[in-house]
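Novice: What follows is protein_28.txt, compact mmCIF, C-alpha atoms and all ligand atoms.
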```txt
# COMPACT_ATOMS: atom_id res chain seq x y z
CA MET Z 7 -29.26 31.00 -3.54
CA SER Z 8 -31.08 31.00 -0.22
CA VAL Z 9 -29.68 28.97 2.67
CA GLU Z 10 -32.54 26.54 2.20
CA GLU Z 11 -31.67 26.02 -1.46
CA VAL Z 12 -28.01 25.49 -0.65
CA VAL Z 13 -28.79 23.01 2.13
CA LYS Z 14 -31.22 21.17 -0.12
CA GLU Z 15 -28.66 20.91 -2.90
CA ILE Z 16 -25.93 19.63 -0.56
CA VAL Z 17 -28.10 17.17 1.39
CA THR Z 18 -29.67 15.60 -1.67
CA ARG Z 19 -26.33 15.41 -3.49
CA VAL Z 20 -24.60 13.68 -0.56
CA VAL Z 21 -27.40 11.17 0.09
CA ARG Z 22 -28.03 10.79 -3.64
CA ARG Z 23 -31.76 11.35 -3.44
CA PRO Z 24 -33.95 13.46 -5.75
CA ALA Z 25 -34.41 17.07 -4.63
CA ALA Z 26 -38.16 16.49 -4.44
CA GLU Z 27 -37.66 14.31 -1.37
CA PHE Z 28 -36.34 17.28 0.59
CA ALA Z 29 -39.13 18.92 2.60
CA GLY Z 30 -39.43 20.78 5.90
CA GLN Z 31 -40.65 17.76 7.81
CA THR Z 32 -38.21 15.27 6.24
CA THR Z 33 -35.70 13.87 8.72
CA PHE Z 34 -32.13 12.77 8.04
CA LYS Z 35 -33.34 9.24 8.69
CA ASP Z 36 -36.06 9.62 6.03
CA MET Z 37 -33.32 10.71 3.64
CA GLY Z 38 -31.34 7.59 4.44
CA ALA Z 39 -28.43 9.65 5.80
CA ASP Z 40 -25.94 7.79 8.00
CA SER Z 41 -23.29 9.37 10.22
CA LEU Z 42 -20.76 9.51 7.37
CA ASP Z 43 -23.30 11.38 5.19
CA ILE Z 44 -23.90 13.83 7.99
CA VAL Z 45 -20.16 14.51 8.35
CA GLN Z 46 -19.98 15.19 4.62
CA ILE Z 47 -23.06 17.40 4.65
CA LEU Z 48 -21.79 19.45 7.59
CA SER Z 49 -18.34 19.74 6.03
CA ALA Z 50 -19.75 20.96 2.70
CA ILE Z 51 -21.90 23.55 4.45
CA GLU Z 52 -18.93 24.71 6.54
CA ASP Z 53 -16.91 25.23 3.36
CA LYS Z 54 -19.74 27.10 1.67
CA TYR Z 55 -20.33 29.59 4.49
CA ASP Z 56 -16.95 29.52 6.24
CA ILE Z 57 -18.53 28.53 9.55
CA GLU Z 58 -17.79 25.83 12.12
CA LEU Z 59 -20.56 23.40 13.03
CA ASP Z 60 -20.56 21.16 16.06
CA ASP Z 61 -21.70 17.57 15.51
CA GLU Z 62 -23.27 17.60 18.94
CA ASP Z 63 -25.71 20.35 17.93
CA MET Z 64 -27.25 17.85 15.55
CA VAL Z 65 -28.95 16.06 18.44
CA ASP Z 66 -31.41 18.94 18.62
CA VAL Z 67 -32.06 19.08 14.89
CA LYS Z 68 -35.32 17.26 14.16
CA ASP Z 69 -35.93 17.75 10.47
CA MET Z 70 -34.80 19.71 7.41
CA ALA Z 71 -36.69 22.85 8.47
CA GLY Z 72 -34.86 22.66 11.80
CA PHE Z 73 -31.57 22.03 10.04
CA VAL Z 74 -31.98 25.06 7.77
CA ALA Z 75 -32.88 27.22 10.78
CA TYR Z 76 -29.80 25.93 12.61
CA ILE Z 77 -27.52 26.78 9.68
CA GLU Z 78 -29.09 30.24 9.34
CA ARG Z 79 -28.45 30.84 13.04
CA LYS Z 80 -24.80 29.75 12.70
CA ILE Z 81 -24.29 32.03 9.71
CA SER Z 82 -25.68 35.02 11.54
CA GLU Z 83 -23.62 34.25 14.67
CA ASN Z 84 -20.56 34.18 12.47
CA GLY Z 85 -21.43 37.52 10.92
CA ASN Z 86 -21.59 39.22 14.32
CA MET X 8 17.43 19.37 15.38
CA SER X 9 17.37 22.34 13.07
CA PHE X 10 14.70 22.82 10.44
CA LYS X 11 15.44 26.51 9.90
CA GLY X 12 14.37 27.72 6.47
CA LYS X 13 12.29 24.58 5.90
CA VAL X 14 8.60 24.49 5.11
CA ALA X 15 6.60 21.56 6.49
CA LEU X 16 3.05 20.40 5.83
CA VAL X 17 1.43 18.30 8.55
CA THR X 18 -1.93 16.87 7.49
CA GLY X 19 -4.33 16.66 10.42
CA GLY X 20 -1.80 18.77 12.28
CA SER X 21 -4.30 20.65 14.42
CA ARG X 22 -4.64 18.23 17.31
CA GLY X 23 -3.43 14.96 18.80
CA VAL X 24 -0.34 13.41 17.26
CA GLY X 25 -0.27 15.90 14.37
CA LYS X 26 -0.19 18.84 16.75
CA ALA X 27 2.80 17.37 18.63
CA ILE X 28 4.59 16.86 15.31
CA SER X 29 3.81 20.41 14.16
CA ALA X 30 5.13 21.78 17.45
CA LYS X 31 8.30 19.70 17.25
CA LEU X 32 9.10 20.83 13.71
CA ALA X 33 8.43 24.42 14.75
CA ASP X 34 10.80 23.97 17.70
CA GLY X 35 13.44 23.22 15.09
CA GLY X 36 12.57 26.44 13.25
CA ALA X 37 10.39 25.11 10.43
CA ASP X 38 7.47 27.12 9.10
CA VAL X 39 4.45 24.87 9.42
CA ILE X 40 1.39 24.46 7.26
CA ILE X 41 -1.31 22.77 9.28
CA ASN X 42 -4.12 21.04 7.44
CA TYR X 43 -7.32 20.16 9.27
CA PHE X 44 -10.80 19.01 8.39
CA ARG X 45 -13.60 20.56 10.44
CA LYS X 46 -12.48 21.82 13.83
CA LYS X 47 -11.55 25.35 12.88
CA SER X 48 -11.35 26.86 16.37
CA THR X 49 -9.09 24.01 17.55
CA ALA X 50 -6.86 24.61 14.53
CA GLN X 51 -6.75 28.36 15.21
CA GLU X 52 -5.80 27.74 18.82
CA THR X 53 -3.01 25.36 17.78
CA ALA X 54 -1.76 27.91 15.25
CA ARG X 55 -1.60 30.61 17.92
CA GLU X 56 0.33 28.30 20.25
CA ILE X 57 2.85 27.30 17.63
CA GLU X 58 3.35 30.82 16.28
CA LYS X 59 4.74 31.70 19.70
CA LYS X 60 7.79 29.64 18.77
CA GLY X 61 8.65 32.36 16.25
CA VAL X 62 7.77 30.51 13.06
CA ARG X 63 5.15 31.12 10.41
CA VAL X 64 2.04 28.94 10.74
CA HIS X 65 -0.47 28.66 7.92
CA LEU X 66 -3.81 26.85 8.31
CA ILE X 67 -5.54 25.05 5.45
CA LYS X 68 -8.96 23.48 5.85
CA ALA X 69 -9.29 20.62 3.38
CA ASN X 70 -11.10 17.31 3.39
CA LEU X 71 -8.45 14.87 2.23
CA ALA X 72 -11.13 12.40 1.16
CA GLU X 73 -11.65 14.65 -1.87
CA ALA X 74 -8.95 14.82 -4.54
CA ASP X 75 -9.96 18.33 -5.67
CA LYS X 76 -9.58 19.64 -2.11
CA ILE X 77 -6.05 18.21 -2.05
CA ASP X 78 -5.34 19.97 -5.37
CA GLY X 79 -6.61 23.22 -3.88
CA MET X 80 -4.47 22.81 -0.78
CA PHE X 81 -1.31 22.50 -2.87
CA VAL X 82 -2.25 25.45 -5.08
CA GLU X 83 -2.45 27.47 -1.88
CA ILE X 84 0.89 26.11 -0.59
CA GLU X 85 2.60 26.98 -3.85
CA LYS X 86 1.15 30.48 -3.77
CA GLU X 87 1.98 31.11 -0.11
CA PHE X 88 5.38 29.41 0.17
CA GLY X 89 6.48 28.38 -3.33
CA ARG X 90 8.17 25.30 -1.90
CA LEU X 91 7.90 22.38 0.50
CA ASP X 92 10.63 20.46 2.32
CA ILE X 93 8.74 18.17 4.68
CA LEU X 94 5.43 16.35 4.31
CA ILE X 95 3.91 14.48 7.23
CA ASN X 96 0.94 12.35 6.17
CA ASN X 97 -0.72 12.18 9.57
CA ALA X 98 -4.46 12.83 9.07
CA ALA X 99 -6.65 9.79 9.52
CA SER X 100 -10.32 9.02 9.72
CA GLY X 101 -12.34 5.87 9.53
CA VAL X 102 -15.45 3.90 10.10
CA ALA X 103 -15.22 1.77 13.25
CA ARG X 104 -17.16 -1.38 12.41
CA PRO X 105 -16.61 -5.13 12.20
CA ALA X 106 -16.01 -6.43 8.67
CA LEU X 107 -19.55 -7.74 8.22
CA GLU X 108 -21.02 -4.33 8.97
CA LEU X 109 -18.75 -2.32 6.68
CA ASP X 110 -20.38 -0.86 3.58
CA ASP X 111 -18.71 0.36 0.42
CA ARG X 112 -18.95 4.03 1.32
CA GLY X 113 -17.42 3.57 4.77
CA TRP X 114 -14.65 1.53 3.21
CA ASP X 115 -14.02 4.13 0.49
CA TRP X 116 -14.01 7.01 2.96
CA THR X 117 -11.44 5.28 5.16
CA MET X 118 -9.24 4.30 2.22
CA ASN X 119 -9.48 7.73 0.64
CA VAL X 120 -8.40 9.65 3.73
CA ASN X 121 -5.82 7.22 5.08
CA ALA X 122 -4.26 5.75 1.95
CA LYS X 123 -5.22 7.50 -1.29
CA ALA X 124 -4.59 10.97 0.15
CA VAL X 125 -1.07 9.85 1.10
CA LEU X 126 -0.38 9.11 -2.56
CA LEU X 127 -1.99 12.31 -3.84
CA CYS X 128 -0.31 14.57 -1.27
CA SER X 129 3.05 12.93 -1.98
CA GLN X 130 2.64 13.45 -5.74
CA HIS X 131 1.93 17.13 -5.22
CA ALA X 132 4.68 17.51 -2.64
CA VAL X 133 7.37 16.14 -4.95
CA LYS X 134 6.75 19.02 -7.35
CA LEU X 135 7.40 21.53 -4.56
CA MET X 136 10.40 19.71 -3.04
CA LYS X 137 12.92 21.52 -5.18
CA ASP X 138 15.94 20.71 -3.00
CA GLY X 139 14.91 17.19 -2.03
CA GLY X 140 12.76 16.53 0.99
CA LYS X 141 11.37 14.24 3.65
CA ILE X 142 8.07 12.42 3.74
CA VAL X 143 6.90 10.63 6.88
CA ASN X 144 3.69 8.59 6.91
CA ILE X 145 1.91 7.84 10.18
CA SER X 146 0.61 4.33 10.70
CA SER X 147 -0.63 2.21 13.56
CA LEU X 148 -0.12 -1.34 14.80
CA GLY X 149 -3.58 -2.14 13.40
CA SER X 150 -1.91 -2.57 10.01
CA ARG X 151 -0.56 -5.92 11.17
CA MET X 152 -2.40 -6.75 14.39
CA VAL X 153 -6.13 -7.30 14.59
CA MET X 154 -8.11 -4.98 16.83
CA PRO X 155 -11.89 -5.00 17.23
CA VAL X 156 -13.80 -2.72 14.80
CA TYR X 157 -10.51 -1.44 13.36
CA THR X 158 -10.92 -3.44 10.11
CA ALA X 159 -11.12 -0.60 7.57
CA VAL X 160 -8.52 1.58 9.27
CA GLY X 161 -6.14 -1.35 9.77
CA VAL X 162 -6.31 -2.27 6.10
CA SER X 163 -5.87 1.36 5.05
CA LYS X 164 -2.74 1.55 7.23
CA ALA X 165 -1.38 -1.61 5.60
CA ALA X 166 -1.80 0.18 2.26
CA LEU X 167 -0.07 3.27 3.65
CA GLU X 168 2.89 1.15 4.80
CA ALA X 169 3.25 -0.60 1.44
CA LEU X 170 3.00 2.77 -0.32
CA THR X 171 5.77 4.08 1.94
CA ARG X 172 8.12 1.43 0.54
CA TYR X 173 7.17 2.10 -3.09
CA LEU X 174 7.51 5.85 -2.76
CA ALA X 175 10.84 5.51 -0.93
CA ILE X 176 12.35 3.74 -3.92
CA GLU X 177 10.72 5.86 -6.59
CA PHE X 178 11.61 9.15 -4.89
CA ALA X 179 15.16 8.21 -3.85
CA PRO X 180 16.74 9.59 -7.05
CA LEU X 181 14.91 12.89 -6.37
CA GLY X 182 16.66 13.28 -3.04
CA ILE X 183 13.46 12.62 -1.14
CA CYS X 184 13.54 10.27 1.86
CA VAL X 185 10.27 8.45 2.56
CA ASN X 186 9.63 6.54 5.78
CA GLY X 187 6.86 5.86 8.23
CA ILE X 188 6.24 5.33 11.88
CA SER X 189 3.73 3.04 13.49
CA ALA X 190 2.49 3.35 17.03
CA SER X 191 0.43 1.47 19.56
CA ALA X 192 -2.41 3.31 21.25
CA VAL X 193 -1.67 6.97 21.90
CA LEU X 194 -3.83 8.98 24.24
CA THR X 195 -5.69 11.34 21.88
CA GLU X 196 -9.32 12.07 21.03
CA ALA X 197 -9.27 9.38 18.34
CA LEU X 198 -8.28 6.69 20.80
CA LYS X 199 -11.26 7.47 22.98
CA ILE X 200 -13.66 6.37 20.25
CA TYR X 201 -12.09 2.93 20.07
CA ALA X 202 -10.88 2.66 23.63
CA GLU X 203 -14.10 3.43 25.42
CA ALA X 204 -15.87 0.65 23.60
CA GLN X 205 -13.07 -1.85 24.03
CA GLY X 206 -11.30 -1.00 27.28
CA LEU X 207 -8.29 -0.77 24.98
CA GLY X 208 -6.39 1.90 26.90
CA ASP X 209 -6.08 -0.15 30.09
CA SER X 210 -5.08 -3.33 28.32
CA VAL X 211 -2.44 -1.56 26.24
CA TYR X 212 -1.05 0.12 29.32
CA GLN X 213 -0.93 -3.22 31.14
CA SER X 214 0.96 -4.92 28.35
CA THR X 215 3.48 -2.17 27.54
CA PRO X 216 6.89 -3.17 28.90
CA ALA X 217 8.05 0.46 28.91
CA GLY X 218 5.54 1.05 31.69
CA ARG X 219 3.42 3.80 30.17
CA MET X 220 1.41 4.49 27.06
CA VAL X 221 2.88 6.19 24.02
CA ALA X 222 2.50 9.98 24.12
CA PRO X 223 2.13 12.19 21.03
CA GLU X 224 5.56 13.67 21.85
CA ASP X 225 7.20 10.22 21.60
CA ILE X 226 5.99 10.07 18.02
CA ALA X 227 7.01 13.65 17.27
CA ASP X 228 10.59 12.93 18.40
CA VAL X 229 10.98 10.03 15.98
CA VAL X 230 9.30 11.93 13.16
CA ALA X 231 11.73 14.83 13.70
CA PHE X 232 14.63 12.38 13.48
CA LEU X 233 13.22 11.01 10.21
CA CYS X 234 13.07 14.60 8.93
CA SER X 235 16.70 15.24 9.81
CA GLN X 236 19.87 14.57 7.86
CA GLN X 237 20.96 11.99 10.46
CA SER X 238 18.39 9.54 9.09
CA TYR X 239 19.49 9.95 5.46
CA MET X 240 20.23 6.25 4.95
CA ILE X 241 16.89 5.05 6.37
CA ARG X 242 14.50 4.51 3.44
CA GLY X 243 11.12 2.85 3.14
CA GLN X 244 11.03 1.76 6.78
CA ILE X 245 8.23 1.78 9.30
CA ILE X 246 9.67 2.53 12.74
CA ILE X 247 7.55 1.05 15.51
CA ILE X 248 6.99 3.19 18.61
CA ASP X 249 5.16 1.08 21.16
CA GLY X 250 7.28 0.67 24.29
CA GLY X 251 7.81 -2.98 23.38
CA TYR X 252 4.11 -3.83 23.19
CA SER X 253 4.15 -5.66 19.86
CA VAL X 254 7.17 -7.85 20.61
CA SER X 255 5.97 -8.90 24.03
CA PRO X 256 2.41 -10.21 23.72
CA SER X 257 2.30 -11.87 27.13
CA HIS X 258 3.75 -8.97 29.11
CA THR X 259 1.87 -7.72 32.17
CA ASN X 260 2.91 -4.55 33.93
CA ASN X 261 3.27 -4.70 37.64
CA ALA X 262 4.10 -1.02 37.76
CA LYS X 263 1.28 1.10 39.13
N1 LIG Q 1 -4.46 7.84 18.68
C1 LIG Q 1 -3.89 6.67 18.58
O1 LIG Q 1 -4.03 5.80 19.43
C2 LIG Q 1 -2.99 6.37 17.41
C3 LIG Q 1 -2.20 5.22 17.47
C4 LIG Q 1 -1.37 4.93 16.40
C5 LIG Q 1 -1.36 5.74 15.29
N2 LIG Q 1 -2.16 6.84 15.25
C6 LIG Q 1 -2.14 7.65 14.03
O2 LIG Q 1 -1.71 8.96 14.31
C7 LIG Q 1 -2.34 9.85 13.39
C8 LIG Q 1 -3.04 10.96 14.13
O3 LIG Q 1 -3.98 10.38 15.02
P1 LIG Q 1 -4.65 11.20 16.21
O4 LIG Q 1 -5.02 10.21 17.23
O5 LIG Q 1 -3.80 12.35 16.56
O6 LIG Q 1 -5.99 11.70 15.48
P2 LIG Q 1 -7.08 12.78 15.95
O7 LIG Q 1 -6.78 13.25 17.33
O8 LIG Q 1 -8.38 12.18 15.64
O9 LIG Q 1 -6.80 13.99 14.93
C9 LIG Q 1 -7.05 13.75 13.59
C10 LIG Q 1 -6.57 14.91 12.77
O10 LIG Q 1 -6.80 14.61 11.40
C11 LIG Q 1 -7.70 15.56 10.85
N3 LIG Q 1 -8.60 14.90 9.90
C12 LIG Q 1 -9.52 13.94 10.15
N4 LIG Q 1 -10.19 13.61 9.02
C13 LIG Q 1 -9.66 14.39 8.05
C14 LIG Q 1 -9.95 14.57 6.68
N5 LIG Q 1 -10.92 13.88 6.08
N6 LIG Q 1 -9.24 15.49 5.99
C15 LIG Q 1 -8.27 16.23 6.59
N7 LIG Q 1 -7.96 16.10 7.88
C16 LIG Q 1 -8.64 15.20 8.60
C17 LIG Q 1 -8.43 16.16 12.02
O11 LIG Q 1 -8.94 17.45 11.71
P3 LIG Q 1 -10.27 18.05 12.50
O12 LIG Q 1 -9.89 18.10 13.94
O13 LIG Q 1 -10.46 19.40 11.92
O14 LIG Q 1 -11.39 17.10 12.25
C18 LIG Q 1 -7.30 16.19 13.06
O15 LIG Q 1 -6.44 17.27 12.81
C19 LIG Q 1 -3.29 9.01 12.54
O16 LIG Q 1 -2.67 8.67 11.35
C20 LIG Q 1 -3.51 7.80 13.41
O17 LIG Q 1 -3.88 6.66 12.66
C21 LIG Q 1 -2.97 7.18 16.29
```
Can you give me the file's structure in the form of structure tokens?

Specialist:
Amino acid sequence: MSVEEVVKEIVTRVVRRPAAEFAGQTTFKDMGADSLDIVQILSAIEDKYDIELDDEDMVDVKDMAGFVAYIERKISENGN
Amino acid sequence: MSFKGKVALVTGGSRGVGKAISAKLADGGADVIINYFRKKSTAQETAREIEKKGVRVHLIKANLAEADKIDGMFVEIEKEFGRLDILINNAASGVARPALELDDRGWDWTMNVNAKAVLLCSQHAVKLMKDGGKIVNISSLGSRMVMPVYTAVGVSKAALEALTRYLAIEFAPLGICVNGISASAVLTEALKIYAEAQGLGDSVYQSTPAGRMVAPEDIADVVAFLCSQQSYMIRGQIIIIDGGYSVSPSHTNNAK
């Protein structure tokens, strides 16, 4: 699965929304995600890729496309 | 106090109060399993520090809100150590909101991490405590006193304290001592979340007869005692560590 597919699966599972609602321009707010959802999303992604994510980085994440790019960057940083 | 040859699990043992407890048990010679949730680099740093005491330190990342993650943690403990002598249920999380703003998910999250996980970890631990053992649950004064936005956590701590009594009786024939400690505000990261909003730190300091706030090490000392043979006849108790705060509501410190 691509990072995007994994993120999509995790985000929509945690917020309990249909996968179809996940799009590049969708924001966490559009998805109805509160801070507890975000903690659970980040934690699930950390487990999946064995990476550490900083909650504060989320301030710069605008939408799902940005979120996927952020996760991809963290994975590649971890690989180096 | 000697814990040589003992294996201890400290949930949320990577920072704050849990870190002080992990360090104290390691000082006594225990090998320490440190569970944490998300802050991996903090956990790794703590592990490096504690390993210097000459004990084995094993890190396990597991979200205690999820029962299957708790199962996985104990599978790993059994594989790595094959036994457990000490369990410290220290990890805590929670939604800081007044009662009218709490929703079911925030409530469940808080209860799952702070109360249900205590039950599940204790159930697993019993199976690995082959020569008896010690369980210490970490509570806070919010279980009996009302503090702003502490609703869900306070109620979860009340559950933890009641569970401490039930487990103490049920586990007594197994040679397992179960107790808890409760503390007033301790200066850790967690306090900052509540304290900054409420000015809690200053007011607690002002009304603590002992003249200073509780430090993580104060808690670790009592926990170590509850893990020792000297406390064998203490069962199902919650020992309050608060410098006299809760018995002296009108106290004002003059000490600067
Ligand atoms: N601070 C106080 O004023 C105070 C007063 C009285 C009692 N207490 C009690 O003392 C205990 C420790 O508090 P603290 O102030 O040291 O807390 P803290 O500094 O916030 O540390 C919490 C610890 O628990 C872990 N944790 C959080 N959520 C978790 C989860 N879902 N699954 C597994 N681990 C989780 C954290 O891991 P990560 O770092 O990886 O997230 C961290 O290791 C708690 O039971 C608390 O209620 C604290």

Novice: Near Asp43 of chain Z, within 10 Å and counting all atoms listed in the file, which residues show up once chain neighbours fewer than 2 positions away are dropped, as a list in words?

Specialist: Val17, Val20, Val21, Phe34, Gly38, Ala39, Asp40, Ser41, Val45, Gln46, Ile47, Leu48 and Ser49 of chain Z; Arg112 and Gly113 of chain X

Novice: Near chain Z, meaning an atom within 10 Å, which residues of chain X appear when counting all atoms listed in the file? Write them as a PyMOL selection string.

Specialist: chain X and resi 44-48+68-70+72+101-102+112-113+116

Novice: Taking only C-alpha atoms and all ligand atoms into account, which residues have an atom no farther than 7 Å from ligand LIG 1 (chain Q)? I'd like them as number ranges by chain.

Specialist: X: 18-25, 42-47, 49-50, 69-72, 97-100, 120, 145-148, 189-198

Novice: Next, dump the selected residues to file, keeping only C-alpha atoms, as a PDB file, in the coordinates of the input.

Specialist:
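Once everything was written out, this is selection.pdb:
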```
ATOM      1  CA  THR X  18      -1.930  16.870   7.490  1.00  0.00           C
ATOM      2  CA  GLY X  19      -4.330  16.660  10.420  1.00  0.00           C
ATOM      3  CA  GLY X  20      -1.800  18.770  12.280  1.00  0.00           C
ATOM      4  CA  SER X  21      -4.300  20.650  14.420  1.00  0.00           C
ATOM      5  CA  ARG X  22      -4.640  18.230  17.310  1.00  0.00           C
ATOM      6  CA  GLY X  23      -3.430  14.960  18.800  1.00  0.00           C
ATOM      7  CA  VAL X  24      -0.340  13.410  17.260  1.00  0.00           C
ATOM      8  CA  GLY X  25      -0.270  15.900  14.370  1.00  0.00           C
ATOM      9  CA  ASN X  42      -4.120  21.040   7.440  1.00  0.00           C
ATOM     10  CA  TYR X  43      -7.320  20.160   9.270  1.00  0.00           C
ATOM     11  CA  PHE X  44     -10.800  19.010   8.390  1.00  0.00           C
ATOM     12  CA  ARG X  45     -13.600  20.560  10.440  1.00  0.00           C
ATOM     13  CA  LYS X  46     -12.480  21.820  13.830  1.00  0.00           C
ATOM     14  CA  LYS X  47     -11.550  25.350  12.880  1.00  0.00           C
ATOM     15  CA  THR X  49      -9.090  24.010  17.550  1.00  0.00           C
ATOM     16  CA  ALA X  50      -6.860  24.610  14.530  1.00  0.00           C
ATOM     17  CA  ALA X  69      -9.290  20.620   3.380  1.00  0.00           C
ATOM     18  CA  ASN X  70     -11.100  17.310   3.390  1.00  0.00           C
ATOM     19  CA  LEU X  71      -8.450  14.870   2.230  1.00  0.00           C
ATOM     20  CA  ALA X  72     -11.130  12.400   1.160  1.00  0.00           C
ATOM     21  CA  ASN X  97      -0.720  12.180   9.570  1.00  0.00           C
ATOM     22  CA  ALA X  98      -4.460  12.830   9.070  1.00  0.00           C
ATOM     23  CA  ALA X  99      -6.650   9.790   9.520  1.00  0.00           C
ATOM     24  CA  SER X 100     -10.320   9.020   9.720  1.00  0.00           C
ATOM     25  CA  VAL X 120      -8.400   9.650   3.730  1.00  0.00           C
ATOM     26  CA  ILE X 145       1.910   7.840  10.180  1.00  0.00           C
ATOM     27  CA  SER X 146       0.610   4.330  10.700  1.00  0.00           C
ATOM     28  CA  SER X 147      -0.630   2.210  13.560  1.00  0.00           C
ATOM     29  CA  LEU X 148      -0.120  -1.340  14.800  1.00  0.00           C
ATOM     30  CA  SER X 189       3.730   3.040  13.490  1.00  0.00           C
ATOM     31  CA  ALA X 190       2.490   3.350  17.030  1.00  0.00           C
ATOM     32  CA  SER X 191       0.430   1.470  19.560  1.00  0.00           C
ATOM     33  CA  ALA X 192      -2.410   3.310  21.250  1.00  0.00           C
ATOM     34  CA  VAL X 193      -1.670   6.970  21.900  1.00  0.00           C
ATOM     35  CA  LEU X 194      -3.830   8.980  24.240  1.00  0.00           C
ATOM     36  CA  THR X 195      -5.690  11.340  21.880  1.00  0.00           C
ATOM     37  CA  GLU X 196      -9.320  12.070  21.030  1.00  0.00           C
ATOM     38  CA  ALA X 197      -9.270   9.380  18.340  1.00  0.00           C
ATOM     39  CA  LEU X 198      -8.280   6.690  20.800  1.00  0.00           C
TER      40      LEU X 198
END
```

Novice: Need the shell around Lys68 of chain Z: protein/DNA/RNA residues with any atom at most 7 Å away, counting only C-alpha atoms. Skip same-chain ones fewer than 2 positions apart. Format as a list in words?

Specialist: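 Answer for this query is Thr33, Asp66 and Gly72 of chain Z.
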
Novice: So what do you get for atom CA of Glu177 of chain X versus atom CA of Gly140 of chain X, distance-wise?

Specialist: 13.2 Å

Novice: List the neighbours of Ala29 of chain Z out to 10 Å using all atoms listed in the file; skip same-chain residues closer than 3 positions along the sequence, and give me the result as a VMD selection string.

Specialist: chain Z and resid 14 25 to 26 32 to 33 69 to 71

Novice: So the first atom is atom CA of Glu224 of chain X and the second is atom CA of Gln244 of chain X; what is the distance between them in Å, to one decimal place?

Specialist: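 Between atom CA of Glu224 of chain X and atom CA of Gln244 of chain X the gap works out to 20.0 Å.
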
Novice: For Asn96 of chain X, work out the shell of residues within 12 Å, counting only C-alpha atoms and skipping chain neighbours fewer than 5 positions away, then give it as a PDB file with C-alpha atoms, in the coordinates of the input.

Specialist:
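Done, and the output landed in around.pdb:
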```
ATOM      1  CA  ALA X  15       6.600  21.560   6.490  1.00  0.00           C
ATOM      2  CA  LEU X  16       3.050  20.400   5.830  1.00  0.00           C
ATOM      3  CA  VAL X  17       1.430  18.300   8.550  1.00  0.00           C
ATOM      4  CA  THR X  18      -1.930  16.870   7.490  1.00  0.00           C
ATOM      5  CA  GLY X  19      -4.330  16.660  10.420  1.00  0.00           C
ATOM      6  CA  GLY X  20      -1.800  18.770  12.280  1.00  0.00           C
ATOM      7  CA  VAL X  24      -0.340  13.410  17.260  1.00  0.00           C
ATOM      8  CA  GLY X  25      -0.270  15.900  14.370  1.00  0.00           C
ATOM      9  CA  ILE X  28       4.590  16.860  15.310  1.00  0.00           C
ATOM     10  CA  SER X  29       3.810  20.410  14.160  1.00  0.00           C
ATOM     11  CA  ILE X  41      -1.310  22.770   9.280  1.00  0.00           C
ATOM     12  CA  ASN X  42      -4.120  21.040   7.440  1.00  0.00           C
ATOM     13  CA  TYR X  43      -7.320  20.160   9.270  1.00  0.00           C
ATOM     14  CA  LEU X  71      -8.450  14.870   2.230  1.00  0.00           C
ATOM     15  CA  VAL X 120      -8.400   9.650   3.730  1.00  0.00           C
ATOM     16  CA  ASN X 121      -5.820   7.220   5.080  1.00  0.00           C
ATOM     17  CA  ALA X 122      -4.260   5.750   1.950  1.00  0.00           C
ATOM     18  CA  LYS X 123      -5.220   7.500  -1.290  1.00  0.00           C
ATOM     19  CA  ALA X 124      -4.590  10.970   0.150  1.00  0.00           C
ATOM     20  CA  VAL X 125      -1.070   9.850   1.100  1.00  0.00           C
ATOM     21  CA  LEU X 126      -0.380   9.110  -2.560  1.00  0.00           C
ATOM     22  CA  LEU X 127      -1.990  12.310  -3.840  1.00  0.00           C
ATOM     23  CA  CYS X 128      -0.310  14.570  -1.270  1.00  0.00           C
ATOM     24  CA  SER X 129       3.050  12.930  -1.980  1.00  0.00           C
ATOM     25  CA  ALA X 132       4.680  17.510  -2.640  1.00  0.00           C
ATOM     26  CA  LYS X 141      11.370  14.240   3.650  1.00  0.00           C
ATOM     27  CA  ILE X 142       8.070  12.420   3.740  1.00  0.00           C
ATOM     28  CA  VAL X 143       6.900  10.630   6.880  1.00  0.00           C
ATOM     29  CA  ASN X 144       3.690   8.590   6.910  1.00  0.00           C
ATOM     30  CA  ILE X 145       1.910   7.840  10.180  1.00  0.00           C
ATOM     31  CA  SER X 146       0.610   4.330  10.700  1.00  0.00           C
ATOM     32  CA  LYS X 164      -2.740   1.550   7.230  1.00  0.00           C
ATOM     33  CA  LEU X 167      -0.070   3.270   3.650  1.00  0.00           C
ATOM     34  CA  GLU X 168       2.890   1.150   4.800  1.00  0.00           C
ATOM     35  CA  LEU X 170       3.000   2.770  -0.320  1.00  0.00           C
ATOM     36  CA  THR X 171       5.770   4.080   1.940  1.00  0.00           C
ATOM     37  CA  VAL X 185      10.270   8.450   2.560  1.00  0.00           C
ATOM     38  CA  ASN X 186       9.630   6.540   5.780  1.00  0.00           C
ATOM     39  CA  GLY X 187       6.860   5.860   8.230  1.00  0.00           C
ATOM     40  CA  ILE X 188       6.240   5.330  11.880  1.00  0.00           C
ATOM     41  CA  VAL X 230       9.300  11.930  13.160  1.00  0.00           C
TER      42      VAL X 230
END
```

Novice: What does the structure give for the distance between atom CA of Pro180 of chain X and atom CA of Leu135 of chain X, in Å to one decimal?

Specialist: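 Atom CA of Leu135 of chain X lies 15.4 Å from atom CA of Pro180 of chain X.
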
Novice: Counting all atoms listed in the file, which of X:Met8, X:Gln213, X:Thr53, X:Ile245 gets nearest to Ser150 of chain X?

Specialist: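 For Ser150 of chain X, the nearest of the candidates is X:Ile245.
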